[in-house]
Structures are given as C-alpha cells and as structure tokens.
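**Student:** Take a look at the following structure, please.
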Amino acid sequence: MIAGLFPTGSHLGGVILYCVAMALFTIIMGNAFAAFAVITAAVGIPFVIAQGANPAIVAAIGMTSGYCGTLLTPMAANFNSLPVALLEMKDPLGVIKQQAPIAILLLIIQIGLMYFLAF
C-alpha cells in the first residue's frame, strides 16, 4: 500500500518520512524509546536502511528526531507538565509553546543530518 504512494529509491523522502514519523509517534506515546522500536521497524528499516543508509547513523539520528516530539507533548510530564506546576505558570501549555520553535528547527536539522551523513 505504501509502495504505491512512496517512490522507490527516494532517499530524502525516506528520511523525511522516518524522522517525522518518529517525532509524531513520540508525541502520541510521550516517550521516544517506545516510538523508536515501532517506527524503526515499520519505517526506518524498509525506507531508509534498506536503501543503503548506515544503520548506526540512522538509529542515532532517528532517536534524537524522536526527542523533538518529546518537546511538543504534554505526555512527557517530567519535561513539560511538571515545570508548569513548579513555576506556577498560568498557561498549562506554556513550556510546550516556548519549546515548539526549537523542536521544529531541530527536526529540520535532524532530517538534513541524516540525509547527508547516512548516505
């Protein structure tokens, strides 16, 4: 099904798909470690590593791409919800709003690094 939507041999497409999927699944799960095994098996291996990418680089940068999702989710309570309570902030999403631009910039950098270093 995905093969019809995704062009075979597109290194950049595979890298973007993998990194964004890691960040999005981490937002859902709240933890990059949980997302790593699932997304690497489902997307990373067939769409990035099978096309000739270095597995060590893909794994390292893939995990840090997941951490970009950690910066964007209230599910990561120790990073995003606890500071709101301790600092008695009025906006419950204040920490996430401050981290969002950095997280998006880091995700774009991770995509570039994986594309140029892994292939």
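By order of appearance in the structure tokens: chains A, B, ..., then residues from 1 within every chain, and ligands from 1 in the order shown.
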Got a sec: who's within 12 Å of Pro74 (chain A), counting only C-alpha atoms, leaving out chain neighbours fewer than 3 positions off, as a list in words?

**Tutor:**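 Final neighbour list, sorted by chain and number: Thr26, Ile27, Ile28, Met29, Gly30, Asn31, Gly69, Thr70, Leu71, Ala77, Asn78, Phe79, Asn80, Ser81, Leu82, Pro83, Val84, Pro92, Leu93, Gly94, Val95, Ile96, Lys97, Gln99 and Ala100 of chain A.
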
**Student:** Find the spatial neighbours of Gly112 (chain A), counting only C-alpha atoms, within a cut-off of 9 Å - ignore same-chain residues fewer than 6 positions away - and output them as number ranges by chain.

**Tutor:** A: 12, 15-16

**Student:** Just the residues within 10 Å of Cys68 (chain A), please, counting only C-alpha atoms, with nothing from its chain fewer than 4 positions along; format it as a list in words.

**Tutor:**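 Once the nearby chain positions are removed, what remains is Cys19, Val20, Met22, Ala23, Leu24, Thr26, Ile27, Ala32, Met63, Thr64, Leu72, Thr73, Gln99, Ala100, Ile102, Ala103, Ile104, Leu105, Leu106, Leu107, Ile108 and Gln110 of chain A.
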
**Student:** The selected residues should be written to file as a compact mmCIF listing (two decimals), in the first residue's frame (atoms: C-alpha atoms).

**Tutor:**
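Final output, again-v3.txt:
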# COMPACT_ATOMS: atom_id res chain seq x y z
CA CYS A 19 12.14 11.47 11.13
CA VAL A 20 8.66 12.99 11.06
CA MET A 22 9.46 9.35 14.94
CA ALA A 23 8.51 12.83 16.17
CA LEU A 24 4.77 12.30 15.66
CA THR A 26 6.71 10.25 20.20
CA ILE A 27 4.11 13.00 20.61
CA ALA A 32 10.98 8.38 22.21
CA MET A 63 16.25 8.59 18.23
CA THR A 64 17.11 12.27 18.51
CA LEU A 72 5.98 19.02 21.92
CA THR A 73 3.81 16.76 24.07
CA GLN A 99 9.87 24.75 23.08
CA ALA A 100 7.90 24.32 19.84
CA ILE A 102 13.23 24.92 18.80
CA ALA A 103 11.77 21.42 18.36
CA ILE A 104 10.70 22.11 14.78
CA LEU A 105 14.09 23.65 13.93
CA LEU A 106 15.88 20.67 15.48
CA LEU A 107 13.72 18.24 13.49
CA ILE A 108 14.63 20.01 10.24
CA GLN A 110 18.00 16.14 12.06

**Student:** List as JSON, numbers by chain the protein and nucleic acid residues near Val58 (chain A), meaning an atom at most 7 Å away when only C-alpha atoms are counted, but skip any in the same chain fewer than 3 places from it.

**Tutor:** {"A": [54, 55, 61, 62, 114, 118]}

**Student:** At what distance in Å, to one decimal, does CA of Pro101 (chain A) lie from CA of Val38 (chain A)?

**Tutor:**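 Value for the CA of Val38 (chain A)-CA of Pro101 (chain A) distance: 26.0 Å.
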
**Student:** In terms of the shortest atom-to-atom distance over only C-alpha atoms, which of A:Ile39, A:Ile49, A:Met75, A:Ala60 is closest to Leu113 (chain A)?

**Tutor:** A:Ala60

**Student:** Any idea what's packed within 9 Å of Val43 (chain A), counting only C-alpha atoms, ignoring anything in its chain fewer than 3 positions away? Could you give it as a PyMOL selection string?

**Tutor:** chain A and resi 14+17-18+21+38-40+46-48

**Student:** Given the selection you just returned, output its residues as a file containing N, CA and C atoms, formatted as a PDB file, in the first residue's frame.

**Tutor:**
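The file below, again.pdb, is the result:
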ATOM      1  N   GLY A  14      12.451   9.022   2.203  1.00  0.00           N
ATOM      2  CA  GLY A  14      12.528   8.050   3.287  1.00  0.00           C
ATOM      3  C   GLY A  14      12.991   8.676   4.588  1.00  0.00           C
ATOM      4  N   LEU A  17      10.152  10.901   5.937  1.00  0.00           N
ATOM      5  CA  LEU A  17       9.101  10.042   6.475  1.00  0.00           C
ATOM      6  C   LEU A  17       9.503   9.463   7.830  1.00  0.00           C
ATOM      7  N   TYR A  18      10.716   8.960   7.927  1.00  0.00           N
ATOM      8  CA  TYR A  18      11.187   8.335   9.165  1.00  0.00           C
ATOM      9  C   TYR A  18      11.297   9.351  10.309  1.00  0.00           C
ATOM     10  N   ALA A  21       7.840  10.705  11.304  1.00  0.00           N
ATOM     11  CA  ALA A  21       7.086   9.638  11.975  1.00  0.00           C
ATOM     12  C   ALA A  21       7.595   9.428  13.400  1.00  0.00           C
ATOM     13  N   VAL A  38       9.101   0.768  17.298  1.00  0.00           N
ATOM     14  CA  VAL A  38       7.976   0.621  16.371  1.00  0.00           C
ATOM     15  C   VAL A  38       8.266   1.304  15.041  1.00  0.00           C
ATOM     16  N   ILE A  39       8.667   2.556  15.076  1.00  0.00           N
ATOM     17  CA  ILE A  39       8.870   3.322  13.847  1.00  0.00           C
ATOM     18  C   ILE A  39      10.112   2.850  13.098  1.00  0.00           C
ATOM     19  N   THR A  40      11.152   2.444  13.798  1.00  0.00           N
ATOM     20  CA  THR A  40      12.340   1.944  13.107  1.00  0.00           C
ATOM     21  C   THR A  40      12.025   0.646  12.382  1.00  0.00           C
ATOM     22  N   PRO A  46      12.702  -0.468   6.254  1.00  0.00           N
ATOM     23  CA  PRO A  46      12.361  -0.622   4.829  1.00  0.00           C
ATOM     24  C   PRO A  46      12.585   0.626   3.975  1.00  0.00           C
ATOM     25  N   PHE A  47      12.447   1.815   4.538  1.00  0.00           N
ATOM     26  CA  PHE A  47      12.513   3.027   3.717  1.00  0.00           C
ATOM     27  C   PHE A  47      13.837   3.771   3.796  1.00  0.00           C
ATOM     28  N   VAL A  48      14.671   3.464   4.786  1.00  0.00           N
ATOM     29  CA  VAL A  48      15.942   4.174   4.905  1.00  0.00           C
ATOM     30  C   VAL A  48      17.114   3.193   4.868  1.00  0.00           C
TER      31      VAL A  48
END
